[in-house]
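Containing PDB, N, CA and C atoms, pLDDT in the B column: structure19.pdb.
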MODEL        1
ATOM      1  N   MET A   1     -25.518 -19.424 -16.182  1.00 39.00           N
ATOM      2  CA  MET A   1     -26.003 -18.334 -15.341  1.00 39.00           C
ATOM      3  C   MET A   1     -27.330 -18.773 -14.724  1.00 39.00           C
ATOM      4  N   LEU A   2     -27.448 -18.585 -13.437  1.00 41.00           N
ATOM      5  CA  LEU A   2     -28.685 -18.912 -12.739  1.00 41.00           C
ATOM      6  C   LEU A   2     -29.697 -17.791 -12.945  1.00 41.00           C
ATOM      7  N   GLY A   3     -30.965 -18.122 -12.990  1.00 47.00           N
ATOM      8  CA  GLY A   3     -32.011 -17.135 -13.216  1.00 47.00           C
ATOM      9  C   GLY A   3     -32.607 -16.605 -11.932  1.00 47.00           C
ATOM     10  N   ILE A   4     -33.669 -15.834 -12.057  1.00 53.00           N
ATOM     11  CA  ILE A   4     -34.316 -15.219 -10.905  1.00 53.00           C
ATOM     12  C   ILE A   4     -34.774 -16.284  -9.914  1.00 53.00           C
ATOM     13  N   GLY A   5     -34.488 -16.021  -8.677  1.00 54.00           N
ATOM     14  CA  GLY A   5     -34.934 -16.901  -7.610  1.00 54.00           C
ATOM     15  C   GLY A   5     -34.109 -18.163  -7.458  1.00 54.00           C
ATOM     16  N   GLN A   6     -33.183 -18.421  -8.367  1.00 55.00           N
ATOM     17  CA  GLN A   6     -32.383 -19.630  -8.249  1.00 55.00           C
ATOM     18  C   GLN A   6     -31.315 -19.441  -7.183  1.00 55.00           C
ATOM     19  N   LYS A   7     -31.013 -20.540  -6.533  1.00 54.00           N
ATOM     20  CA  LYS A   7     -30.068 -20.493  -5.432  1.00 54.00           C
ATOM     21  C   LYS A   7     -28.864 -21.366  -5.746  1.00 54.00           C
ATOM     22  N   ASP A   8     -27.772 -21.012  -5.170  1.00 57.00           N
ATOM     23  CA  ASP A   8     -26.533 -21.750  -5.369  1.00 57.00           C
ATOM     24  C   ASP A   8     -26.135 -22.408  -4.052  1.00 57.00           C
ATOM     25  N   GLY A   9     -26.959 -23.372  -3.585  1.00 62.00           N
ATOM     26  CA  GLY A   9     -26.689 -24.060  -2.337  1.00 62.00           C
ATOM     27  C   GLY A   9     -26.899 -23.195  -1.116  1.00 62.00           C
ATOM     28  N   ASP A  10     -27.693 -22.159  -1.214  1.00 64.00           N
ATOM     29  CA  ASP A  10     -27.922 -21.208  -0.137  1.00 64.00           C
ATOM     30  C   ASP A  10     -29.411 -20.893  -0.085  1.00 64.00           C
ATOM     31  N   ASP A  11     -29.876 -20.300   1.018  1.00 74.00           N
ATOM     32  CA  ASP A  11     -31.284 -19.927   1.131  1.00 74.00           C
ATOM     33  C   ASP A  11     -31.605 -18.641   0.380  1.00 74.00           C
ATOM     34  N   GLU A  12     -30.597 -17.886   0.010  1.00 80.00           N
ATOM     35  CA  GLU A  12     -30.785 -16.605  -0.657  1.00 80.00           C
ATOM     36  C   GLU A  12     -30.476 -16.743  -2.142  1.00 80.00           C
ATOM     37  N   SER A  13     -31.290 -16.094  -2.992  1.00 81.00           N
ATOM     38  CA  SER A  13     -31.057 -16.176  -4.436  1.00 81.00           C
ATOM     39  C   SER A  13     -29.749 -15.481  -4.803  1.00 81.00           C
ATOM     40  N   ILE A  14     -29.187 -15.895  -5.914  1.00 83.00           N
ATOM     41  CA  ILE A  14     -27.927 -15.331  -6.404  1.00 83.00           C
ATOM     42  C   ILE A  14     -28.072 -13.821  -6.650  1.00 83.00           C
ATOM     43  N   GLY A  15     -29.151 -13.429  -7.315  1.00 82.00           N
ATOM     44  CA  GLY A  15     -29.362 -12.012  -7.625  1.00 82.00           C
ATOM     45  C   GLY A  15     -29.546 -11.168  -6.382  1.00 82.00           C
ATOM     46  N   HIS A  16     -30.280 -11.688  -5.402  1.00 82.00           N
ATOM     47  CA  HIS A  16     -30.508 -10.937  -4.168  1.00 82.00           C
ATOM     48  C   HIS A  16     -29.195 -10.770  -3.405  1.00 82.00           C
ATOM     49  N   LYS A  17     -28.407 -11.816  -3.360  1.00 87.00           N
ATOM     50  CA  LYS A  17     -27.104 -11.753  -2.689  1.00 87.00           C
ATOM     51  C   LYS A  17     -26.207 -10.724  -3.388  1.00 87.00           C
ATOM     52  N   SER A  18     -26.258 -10.702  -4.712  1.00 87.00           N
ATOM     53  CA  SER A  18     -25.473  -9.734  -5.464  1.00 87.00           C
ATOM     54  C   SER A  18     -25.943  -8.313  -5.168  1.00 87.00           C
ATOM     55  N   GLY A  19     -27.255  -8.132  -5.063  1.00 86.00           N
ATOM     56  CA  GLY A  19     -27.810  -6.815  -4.744  1.00 86.00           C
ATOM     57  C   GLY A  19     -27.308  -6.297  -3.402  1.00 86.00           C
ATOM     58  N   ARG A  20     -27.245  -7.184  -2.412  1.00 89.00           N
ATOM     59  CA  ARG A  20     -26.724  -6.775  -1.102  1.00 89.00           C
ATOM     60  C   ARG A  20     -25.260  -6.361  -1.222  1.00 89.00           C
ATOM     61  N   ARG A  21     -24.500  -7.091  -2.020  1.00 90.00           N
ATOM     62  CA  ARG A  21     -23.082  -6.750  -2.190  1.00 90.00           C
ATOM     63  C   ARG A  21     -22.925  -5.408  -2.908  1.00 90.00           C
ATOM     64  N   ILE A  22     -23.767  -5.144  -3.888  1.00 89.00           N
ATOM     65  CA  ILE A  22     -23.715  -3.864  -4.601  1.00 89.00           C
ATOM     66  C   ILE A  22     -23.928  -2.718  -3.618  1.00 89.00           C
ATOM     67  N   ILE A  23     -24.917  -2.860  -2.736  1.00 89.00           N
ATOM     68  CA  ILE A  23     -25.189  -1.817  -1.736  1.00 89.00           C
ATOM     69  C   ILE A  23     -23.972  -1.613  -0.844  1.00 89.00           C
ATOM     70  N   GLN A  24     -23.356  -2.693  -0.405  1.00 90.00           N
ATOM     71  CA  GLN A  24     -22.165  -2.587   0.435  1.00 90.00           C
ATOM     72  C   GLN A  24     -21.034  -1.878  -0.302  1.00 90.00           C
ATOM     73  N   LEU A  25     -20.850  -2.206  -1.562  1.00 89.00           N
ATOM     74  CA  LEU A  25     -19.785  -1.571  -2.347  1.00 89.00           C
ATOM     75  C   LEU A  25     -20.036  -0.070  -2.510  1.00 89.00           C
ATOM     76  N   LEU A  26     -21.274   0.304  -2.741  1.00 88.00           N
ATOM     77  CA  LEU A  26     -21.594   1.717  -2.946  1.00 88.00           C
ATOM     78  C   LEU A  26     -21.465   2.536  -1.671  1.00 88.00           C
ATOM     79  N   GLN A  27     -21.558   1.880  -0.526  1.00 91.00           N
ATOM     80  CA  GLN A  27     -21.448   2.579   0.757  1.00 91.00           C
ATOM     81  C   GLN A  27     -20.003   2.697   1.244  1.00 91.00           C
ATOM     82  N   ARG A  28     -19.078   2.003   0.598  1.00 85.00           N
ATOM     83  CA  ARG A  28     -17.687   2.012   1.039  1.00 85.00           C
ATOM     84  C   ARG A  28     -17.001   3.315   0.705  1.00 85.00           C
ATOM     85  N   LYS A  29     -16.063   3.677   1.541  1.00 78.00           N
ATOM     86  CA  LYS A  29     -15.309   4.915   1.336  1.00 78.00           C
ATOM     87  C   LYS A  29     -13.880   4.643   0.848  1.00 78.00           C
ATOM     88  N   ASP A  30     -13.432   3.404   0.958  1.00 83.00           N
ATOM     89  CA  ASP A  30     -12.062   3.081   0.580  1.00 83.00           C
ATOM     90  C   ASP A  30     -11.984   2.533  -0.837  1.00 83.00           C
ATOM     91  N   ASP A  31     -10.783   2.178  -1.233  1.00 89.00           N
ATOM     92  CA  ASP A  31     -10.564   1.655  -2.578  1.00 89.00           C
ATOM     93  C   ASP A  31     -11.208   0.284  -2.755  1.00 89.00           C
ATOM     94  N   TYR A  32     -11.561  -0.023  -3.972  1.00 91.00           N
ATOM     95  CA  TYR A  32     -12.145  -1.322  -4.296  1.00 91.00           C
ATOM     96  C   TYR A  32     -11.040  -2.347  -4.519  1.00 91.00           C
ATOM     97  N   THR A  33     -11.305  -3.563  -4.119  1.00 92.00           N
ATOM     98  CA  THR A  33     -10.369  -4.662  -4.360  1.00 92.00           C
ATOM     99  C   THR A  33     -10.584  -5.191  -5.769  1.00 92.00           C
ATOM    100  N   ASN A  34      -9.673  -6.028  -6.227  1.00 95.00           N
ATOM    101  CA  ASN A  34      -9.846  -6.672  -7.533  1.00 95.00           C
ATOM    102  C   ASN A  34     -11.114  -7.518  -7.553  1.00 95.00           C
ATOM    103  N   ASP A  35     -11.441  -8.164  -6.432  1.00 94.00           N
ATOM    104  CA  ASP A  35     -12.665  -8.960  -6.339  1.00 94.00           C
ATOM    105  C   ASP A  35     -13.912  -8.076  -6.459  1.00 94.00           C
ATOM    106  N   ASP A  36     -13.871  -6.890  -5.841  1.00 93.00           N
ATOM    107  CA  ASP A  36     -14.981  -5.938  -5.950  1.00 93.00           C
ATOM    108  C   ASP A  36     -15.185  -5.515  -7.407  1.00 93.00           C
ATOM    109  N   ILE A  37     -14.114  -5.187  -8.067  1.00 92.00           N
ATOM    110  CA  ILE A  37     -14.187  -4.757  -9.476  1.00 92.00           C
ATOM    111  C   ILE A  37     -14.683  -5.892 -10.353  1.00 92.00           C
ATOM    112  N   SER A  38     -14.231  -7.093 -10.094  1.00 94.00           N
ATOM    113  CA  SER A  38     -14.689  -8.267 -10.841  1.00 94.00           C
ATOM    114  C   SER A  38     -16.198  -8.459 -10.665  1.00 94.00           C
ATOM    115  N   HIS A  39     -16.683  -8.276  -9.439  1.00 92.00           N
ATOM    116  CA  HIS A  39     -18.122  -8.430  -9.199  1.00 92.00           C
ATOM    117  C   HIS A  39     -18.917  -7.362  -9.954  1.00 92.00           C
ATOM    118  N   MET A  40     -18.448  -6.124  -9.937  1.00 92.00           N
ATOM    119  CA  MET A  40     -19.170  -5.061 -10.626  1.00 92.00           C
ATOM    120  C   MET A  40     -19.173  -5.287 -12.138  1.00 92.00           C
ATOM    121  N   LYS A  41     -18.105  -5.838 -12.678  1.00 95.00           N
ATOM    122  CA  LYS A  41     -18.091  -6.172 -14.113  1.00 95.00           C
ATOM    123  C   LYS A  41     -19.118  -7.269 -14.409  1.00 95.00           C
ATOM    124  N   LYS A  42     -19.242  -8.219 -13.499  1.00 92.00           N
ATOM    125  CA  LYS A  42     -20.240  -9.289 -13.645  1.00 92.00           C
ATOM    126  C   LYS A  42     -21.650  -8.701 -13.636  1.00 92.00           C
ATOM    127  N   VAL A  43     -21.884  -7.746 -12.736  1.00 92.00           N
ATOM    128  CA  VAL A  43     -23.199  -7.099 -12.636  1.00 92.00           C
ATOM    129  C   VAL A  43     -23.514  -6.342 -13.927  1.00 92.00           C
ATOM    130  N   ILE A  44     -22.554  -5.575 -14.420  1.00 94.00           N
ATOM    131  CA  ILE A  44     -22.754  -4.802 -15.657  1.00 94.00           C
ATOM    132  C   ILE A  44     -23.058  -5.737 -16.821  1.00 94.00           C
ATOM    133  N   SER A  45     -22.325  -6.821 -16.922  1.00 94.00           N
ATOM    134  CA  SER A  45     -22.546  -7.793 -17.987  1.00 94.00           C
ATOM    135  C   SER A  45     -23.943  -8.406 -17.892  1.00 94.00           C
ATOM    136  N   TYR A  46     -24.344  -8.781 -16.685  1.00 93.00           N
ATOM    137  CA  TYR A  46     -25.671  -9.373 -16.467  1.00 93.00           C
ATOM    138  C   TYR A  46     -26.767  -8.388 -16.894  1.00 93.00           C
ATOM    139  N   VAL A  47     -26.660  -7.142 -16.443  1.00 93.00           N
ATOM    140  CA  VAL A  47     -27.680  -6.130 -16.757  1.00 93.00           C
ATOM    141  C   VAL A  47     -27.752  -5.897 -18.269  1.00 93.00           C
ATOM    142  N   HIS A  48     -26.615  -5.770 -18.923  1.00 95.00           N
ATOM    143  CA  HIS A  48     -26.611  -5.546 -20.382  1.00 95.00           C
ATOM    144  C   HIS A  48     -27.262  -6.707 -21.134  1.00 95.00           C
ATOM    145  N   ARG A  49     -26.932  -7.933 -20.745  1.00 95.00           N
ATOM    146  CA  ARG A  49     -27.527  -9.104 -21.414  1.00 95.00           C
ATOM    147  C   ARG A  49     -29.045  -9.134 -21.223  1.00 95.00           C
ATOM    148  N   HIS A  50     -29.498  -8.852 -20.021  1.00 93.00           N
ATOM    149  CA  HIS A  50     -30.932  -8.960 -19.746  1.00 93.00           C
ATOM    150  C   HIS A  50     -31.742  -7.793 -20.310  1.00 93.00           C
ATOM    151  N   ILE A  51     -31.150  -6.627 -20.391  1.00 94.00           N
ATOM    152  CA  ILE A  51     -31.846  -5.505 -21.043  1.00 94.00           C
ATOM    153  C   ILE A  51     -32.117  -5.852 -22.506  1.00 94.00           C
ATOM    154  N   ALA A  52     -31.185  -6.530 -23.134  1.00 95.00           N
ATOM    155  CA  ALA A  52     -31.350  -6.924 -24.536  1.00 95.00           C
ATOM    156  C   ALA A  52     -32.470  -7.944 -24.720  1.00 95.00           C
ATOM    157  N   GLN A  53     -32.884  -8.597 -23.641  1.00 94.00           N
ATOM    158  CA  GLN A  53     -33.941  -9.619 -23.709  1.00 94.00           C
ATOM    159  C   GLN A  53     -35.289  -9.084 -23.211  1.00 94.00           C
ATOM    160  N   GLN A  54     -35.475  -7.776 -23.274  1.00 94.00           N
ATOM    161  CA  GLN A  54     -36.693  -7.156 -22.748  1.00 94.00           C
ATOM    162  C   GLN A  54     -37.940  -7.749 -23.388  1.00 94.00           C
ATOM    163  N   PRO A  55     -38.863  -8.238 -22.549  1.00 93.00           N
ATOM    164  CA  PRO A  55     -40.116  -8.767 -23.095  1.00 93.00           C
ATOM    165  C   PRO A  55     -41.045  -7.627 -23.508  1.00 93.00           C
ATOM    166  N   SER A  56     -42.082  -7.955 -24.242  1.00 92.00           N
ATOM    167  CA  SER A  56     -43.047  -6.933 -24.643  1.00 92.00           C
ATOM    168  C   SER A  56     -44.148  -6.828 -23.596  1.00 92.00           C
ATOM    169  N   GLY A  57     -44.893  -5.749 -23.651  1.00 91.00           N
ATOM    170  CA  GLY A  57     -46.025  -5.555 -22.748  1.00 91.00           C
ATOM    171  C   GLY A  57     -45.624  -4.884 -21.450  1.00 91.00           C
ATOM    172  N   ASP A  58     -46.496  -5.021 -20.451  1.00 92.00           N
ATOM    173  CA  ASP A  58     -46.284  -4.432 -19.127  1.00 92.00           C
ATOM    174  C   ASP A  58     -45.102  -5.130 -18.455  1.00 92.00           C
ATOM    175  N   LEU A  59     -44.081  -4.382 -18.135  1.00 92.00           N
ATOM    176  CA  LEU A  59     -42.850  -4.959 -17.604  1.00 92.00           C
ATOM    177  C   LEU A  59     -42.796  -4.994 -16.084  1.00 92.00           C
ATOM    178  N   GLU A  60     -43.618  -4.190 -15.433  1.00 90.00           N
ATOM    179  CA  GLU A  60     -43.471  -3.956 -13.996  1.00 90.00           C
ATOM    180  C   GLU A  60     -43.481  -5.226 -13.148  1.00 90.00           C
ATOM    181  N   HIS A  61     -44.317  -6.190 -13.450  1.00 90.00           N
ATOM    182  CA  HIS A  61     -44.448  -7.378 -12.604  1.00 90.00           C
ATOM    183  C   HIS A  61     -43.949  -8.640 -13.307  1.00 90.00           C
ATOM    184  N   THR A  62     -42.908  -8.471 -14.109  1.00 92.00           N
ATOM    185  CA  THR A  62     -42.359  -9.628 -14.818  1.00 92.00           C
ATOM    186  C   THR A  62     -41.138 -10.162 -14.065  1.00 92.00           C
ATOM    187  N   ARG A  63     -40.845 -11.433 -14.290  1.00 90.00           N
ATOM    188  CA  ARG A  63     -39.635 -12.026 -13.718  1.00 90.00           C
ATOM    189  C   ARG A  63     -38.403 -11.282 -14.221  1.00 90.00           C
ATOM    190  N   TRP A  64     -38.466 -10.831 -15.463  1.00 93.00           N
ATOM    191  CA  TRP A  64     -37.384 -10.066 -16.072  1.00 93.00           C
ATOM    192  C   TRP A  64     -37.087  -8.813 -15.253  1.00 93.00           C
ATOM    193  N   CYS A  65     -38.127  -8.065 -14.910  1.00 93.00           N
ATOM    194  CA  CYS A  65     -37.977  -6.829 -14.140  1.00 93.00           C
ATOM    195  C   CYS A  65     -37.463  -7.127 -12.730  1.00 93.00           C
ATOM    196  N   TYR A  66     -38.042  -8.115 -12.065  1.00 90.00           N
ATOM    197  CA  TYR A  66     -37.614  -8.462 -10.716  1.00 90.00           C
ATOM    198  C   TYR A  66     -36.154  -8.903 -10.701  1.00 90.00           C
ATOM    199  N   SER A  67     -35.749  -9.649 -11.705  1.00 89.00           N
ATOM    200  CA  SER A  67     -34.373 -10.114 -11.781  1.00 89.00           C
ATOM    201  C   SER A  67     -33.413  -8.936 -11.906  1.00 89.00           C
ATOM    202  N   LEU A  68     -33.725  -8.000 -12.786  1.00 91.00           N
ATOM    203  CA  LEU A  68     -32.861  -6.830 -12.948  1.00 91.00           C
ATOM    204  C   LEU A  68     -32.814  -5.995 -11.673  1.00 91.00           C
ATOM    205  N   LYS A  69     -33.928  -5.864 -10.993  1.00 89.00           N
ATOM    206  CA  LYS A  69     -33.929  -5.118  -9.727  1.00 89.00           C
ATOM    207  C   LYS A  69     -33.044  -5.799  -8.691  1.00 89.00           C
ATOM    208  N   ASN A  70     -33.085  -7.125  -8.643  1.00 86.00           N
ATOM    209  CA  ASN A  70     -32.208  -7.848  -7.715  1.00 86.00           C
ATOM    210  C   ASN A  70     -30.744  -7.534  -7.976  1.00 86.00           C
ATOM    211  N   TRP A  71     -30.401  -7.285  -9.236  1.00 87.00           N
ATOM    212  CA  TRP A  71     -29.018  -7.016  -9.600  1.00 87.00           C
ATOM    213  C   TRP A  71     -28.700  -5.522  -9.581  1.00 87.00           C
ATOM    214  N   GLY A  72     -29.620  -4.707  -9.062  1.00 87.00           N
ATOM    215  CA  GLY A  72     -29.344  -3.286  -8.861  1.00 87.00           C
ATOM    216  C   GLY A  72     -29.780  -2.362  -9.969  1.00 87.00           C
ATOM    217  N   HIS A  73     -30.587  -2.839 -10.907  1.00 90.00           N
ATOM    218  CA  HIS A  73     -31.042  -1.989 -12.002  1.00 90.00           C
ATOM    219  C   HIS A  73     -32.566  -2.034 -12.096  1.00 90.00           C
ATOM    220  N   ASP A  74     -33.201  -0.874 -12.049  1.00 92.00           N
ATOM    221  CA  ASP A  74     -34.649  -0.798 -12.196  1.00 92.00           C
ATOM    222  C   ASP A  74     -34.971  -0.369 -13.625  1.00 92.00           C
ATOM    223  N   PRO A  75     -35.424  -1.313 -14.481  1.00 93.00           N
ATOM    224  CA  PRO A  75     -35.659  -0.977 -15.884  1.00 93.00           C
ATOM    225  C   PRO A  75     -36.898  -0.095 -16.096  1.00 93.00           C
ATOM    226  N   ILE A  76     -37.703   0.094 -15.072  1.00 91.00           N
ATOM    227  CA  ILE A  76     -38.910   0.923 -15.193  1.00 91.00           C
ATOM    228  C   ILE A  76     -38.568   2.396 -15.055  1.00 91.00           C
ATOM    229  N   LYS A  77     -37.501   2.709 -14.330  1.00 89.00           N
ATOM    230  CA  LYS A  77     -37.123   4.123 -14.109  1.00 89.00           C
ATOM    231  C   LYS A  77     -36.362   4.674 -15.271  1.00 89.00           C
TER     232      LYS A  77
ENDMDL
END
Structure re-expressed in structure tokens:
Amino acid sequence: MLGIGQKDGDDESIGHKSGRRIIQLLQRKDDYTNDDISHMKKVISYVHRHIAQQPSGDLEHTRWCYSLKNWGHDPIK
């Protein structure tokens, strides 16, 4: 799994690209494809794993927090 800011041969980070896809999926009115469902399962898995790795102290400006936000979850709220 690539971490925050890491890229997969592209100018955009993996997490940021996933965040854009999440927004597109949430705005859709039609049925989800198997690929859409697979992506959302990947997002849920990523968020669950990273929540379990919560660092101590002020979380707001941590790489951990930014990474989760890129994947559509704000751990501060």
Residues in the PyMOL selection byres (((chain A and resi 64 and name CA) around 10) and name CA), expressed as a PyMOL selection string: chain A and resi 3-4+50-51+53-55+59-63+65-69+75
Distance of atom N of Lys42 (chain A) from atom N of Asp58 (chain A), expressed in Å to one decimal place: 28.3 Å
For the atom pair atom C of Ile22 (chain A) and atom C of Gly72 (chain A), what is the interatomic distance in Å to one decimal place? 8.6 Å
With only C-alpha atoms as the basis for distance, which of A:Leu25, A:Ser56, A:His73, A:His16 is at the shortest distance from Ser38 (chain A)?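 Going through A:Leu25, A:Ser56, A:His73, A:His16 one by one, the smallest distance to Ser38 (chain A) is for A:Leu25.
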DSSP says alpha helix (DSSP H) for which residues of region 22-60 of chain A? Put them as a compact mmCIF listing (two decimals) with N, CA and C atoms, in the coordinates of the input?
# COMPACT_ATOMS: atom_id res chain seq x y z
N ILE A 22 -23.77 -5.14 -3.89
CA ILE A 22 -23.72 -3.86 -4.60
C ILE A 22 -23.93 -2.72 -3.62
N ILE A 23 -24.92 -2.86 -2.74
CA ILE A 23 -25.19 -1.82 -1.74
C ILE A 23 -23.97 -1.61 -0.84
N GLN A 24 -23.36 -2.69 -0.40
CA GLN A 24 -22.16 -2.59 0.44
C GLN A 24 -21.03 -1.88 -0.30
N LEU A 25 -20.85 -2.21 -1.56
CA LEU A 25 -19.78 -1.57 -2.35
C LEU A 25 -20.04 -0.07 -2.51
N LEU A 26 -21.27 0.30 -2.74
CA LEU A 26 -21.59 1.72 -2.95
C LEU A 26 -21.46 2.54 -1.67
N GLN A 27 -21.56 1.88 -0.53
CA GLN A 27 -21.45 2.58 0.76
C GLN A 27 -20.00 2.70 1.24
N ASN A 34 -9.67 -6.03 -6.23
CA ASN A 34 -9.85 -6.67 -7.53
C ASN A 34 -11.11 -7.52 -7.55
N ASP A 35 -11.44 -8.16 -6.43
CA ASP A 35 -12.66 -8.96 -6.34
C ASP A 35 -13.91 -8.08 -6.46
N ASP A 36 -13.87 -6.89 -5.84
CA ASP A 36 -14.98 -5.94 -5.95
C ASP A 36 -15.18 -5.52 -7.41
N ILE A 37 -14.11 -5.19 -8.07
CA ILE A 37 -14.19 -4.76 -9.48
C ILE A 37 -14.68 -5.89 -10.35
N SER A 38 -14.23 -7.09 -10.09
CA SER A 38 -14.69 -8.27 -10.84
C SER A 38 -16.20 -8.46 -10.66
N HIS A 39 -16.68 -8.28 -9.44
CA HIS A 39 -18.12 -8.43 -9.20
C HIS A 39 -18.92 -7.36 -9.95
N MET A 40 -18.45 -6.12 -9.94
CA MET A 40 -19.17 -5.06 -10.63
C MET A 40 -19.17 -5.29 -12.14
N LYS A 41 -18.10 -5.84 -12.68
CA LYS A 41 -18.09 -6.17 -14.11
C LYS A 41 -19.12 -7.27 -14.41
N LYS A 42 -19.24 -8.22 -13.50
CA LYS A 42 -20.24 -9.29 -13.64
C LYS A 42 -21.65 -8.70 -13.64
N VAL A 43 -21.88 -7.75 -12.74
CA VAL A 43 -23.20 -7.10 -12.64
C VAL A 43 -23.51 -6.34 -13.93
N ILE A 44 -22.55 -5.58 -14.42
CA ILE A 44 -22.75 -4.80 -15.66
C ILE A 44 -23.06 -5.74 -16.82
N SER A 45 -22.32 -6.82 -16.92
CA SER A 45 -22.55 -7.79 -17.99
C SER A 45 -23.94 -8.41 -17.89
N TYR A 46 -24.34 -8.78 -16.68
CA TYR A 46 -25.67 -9.37 -16.47
C TYR A 46 -26.77 -8.39 -16.89
N VAL A 47 -26.66 -7.14 -16.44
CA VAL A 47 -27.68 -6.13 -16.76
C VAL A 47 -27.75 -5.90 -18.27
N HIS A 48 -26.62 -5.77 -18.92
CA HIS A 48 -26.61 -5.55 -20.38
C HIS A 48 -27.26 -6.71 -21.13
N ARG A 49 -26.93 -7.93 -20.74
CA ARG A 49 -27.53 -9.10 -21.41
C ARG A 49 -29.04 -9.13 -21.22
N HIS A 50 -29.50 -8.85 -20.02
CA HIS A 50 -30.93 -8.96 -19.75
C HIS A 50 -31.74 -7.79 -20.31
N ILE A 51 -31.15 -6.63 -20.39
CA ILE A 51 -31.85 -5.50 -21.04
C ILE A 51 -32.12 -5.85 -22.51
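Between atom N of Gly15 (chain A) and atom C of Asp35 (chain A) there is a distance of 16.2 Å.
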From the block I gave, I'd like region 40-60 of chain A written with N, CA and C atoms, as a compact mmCIF listing (two decimals), in the first residue's frame.
# COMPACT_ATOMS: atom_id res chain seq x y z
N MET A 40 -14.96 1.13 -3.23
CA MET A 40 -15.46 1.55 -1.93
C MET A 40 -15.04 0.57 -0.83
N LYS A 41 -14.96 -0.71 -1.14
CA LYS A 41 -14.46 -1.68 -0.16
C LYS A 41 -12.99 -1.41 0.15
N LYS A 42 -12.23 -1.04 -0.86
CA LYS A 42 -10.82 -0.69 -0.67
C LYS A 42 -10.69 0.53 0.24
N VAL A 43 -11.55 1.53 0.02
CA VAL A 43 -11.54 2.75 0.84
C VAL A 43 -11.87 2.41 2.29
N ILE A 44 -12.91 1.62 2.50
CA ILE A 44 -13.32 1.24 3.86
C ILE A 44 -12.19 0.49 4.56
N SER A 45 -11.55 -0.42 3.86
CA SER A 45 -10.44 -1.18 4.43
C SER A 45 -9.28 -0.26 4.81
N TYR A 46 -8.95 0.67 3.91
CA TYR A 46 -7.85 1.61 4.17
C TYR A 46 -8.16 2.45 5.42
N VAL A 47 -9.37 3.00 5.49
CA VAL A 47 -9.74 3.85 6.63
C VAL A 47 -9.69 3.06 7.94
N HIS A 48 -10.23 1.85 7.94
CA HIS A 48 -10.21 1.03 9.16
C HIS A 48 -8.79 0.73 9.62
N ARG A 49 -7.92 0.37 8.68
CA ARG A 49 -6.52 0.07 9.05
C ARG A 49 -5.83 1.31 9.63
N HIS A 50 -6.05 2.45 9.02
CA HIS A 50 -5.34 3.65 9.47
C HIS A 50 -5.91 4.25 10.76
N ILE A 51 -7.20 4.09 10.98
CA ILE A 51 -7.77 4.53 12.26
C ILE A 51 -7.13 3.74 13.41
N ALA A 52 -6.86 2.48 13.18
CA ALA A 52 -6.24 1.64 14.20
C ALA A 52 -4.80 2.07 14.50
N GLN A 53 -4.20 2.85 13.61
CA GLN A 53 -2.81 3.30 13.79
C GLN A 53 -2.74 4.76 14.27
N GLN A 54 -3.79 5.23 14.91
CA GLN A 54 -3.86 6.63 15.34
C GLN A 54 -2.68 7.00 16.22
N PRO A 55 -1.95 8.05 15.83
CA PRO A 55 -0.84 8.50 16.67
C PRO A 55 -1.35 9.27 17.89
N SER A 56 -0.49 9.50 18.84
CA SER A 56 -0.89 10.26 20.02
C SER A 56 -0.63 11.74 19.78
N GLY A 57 -1.23 12.57 20.61
CA GLY A 57 -1.02 14.01 20.53
C GLY A 57 -1.98 14.69 19.58
N ASP A 58 -1.61 15.91 19.17
CA ASP A 58 -2.42 16.72 18.26
C ASP A 58 -2.44 16.05 16.89
N LEU A 59 -3.61 15.70 16.42
CA LEU A 59 -3.74 14.94 15.18
C LEU A 59 -3.96 15.81 13.95
N GLU A 60 -4.39 17.05 14.16
CA GLU A 60 -4.87 17.88 13.05
C GLU A 60 -3.87 18.04 11.91
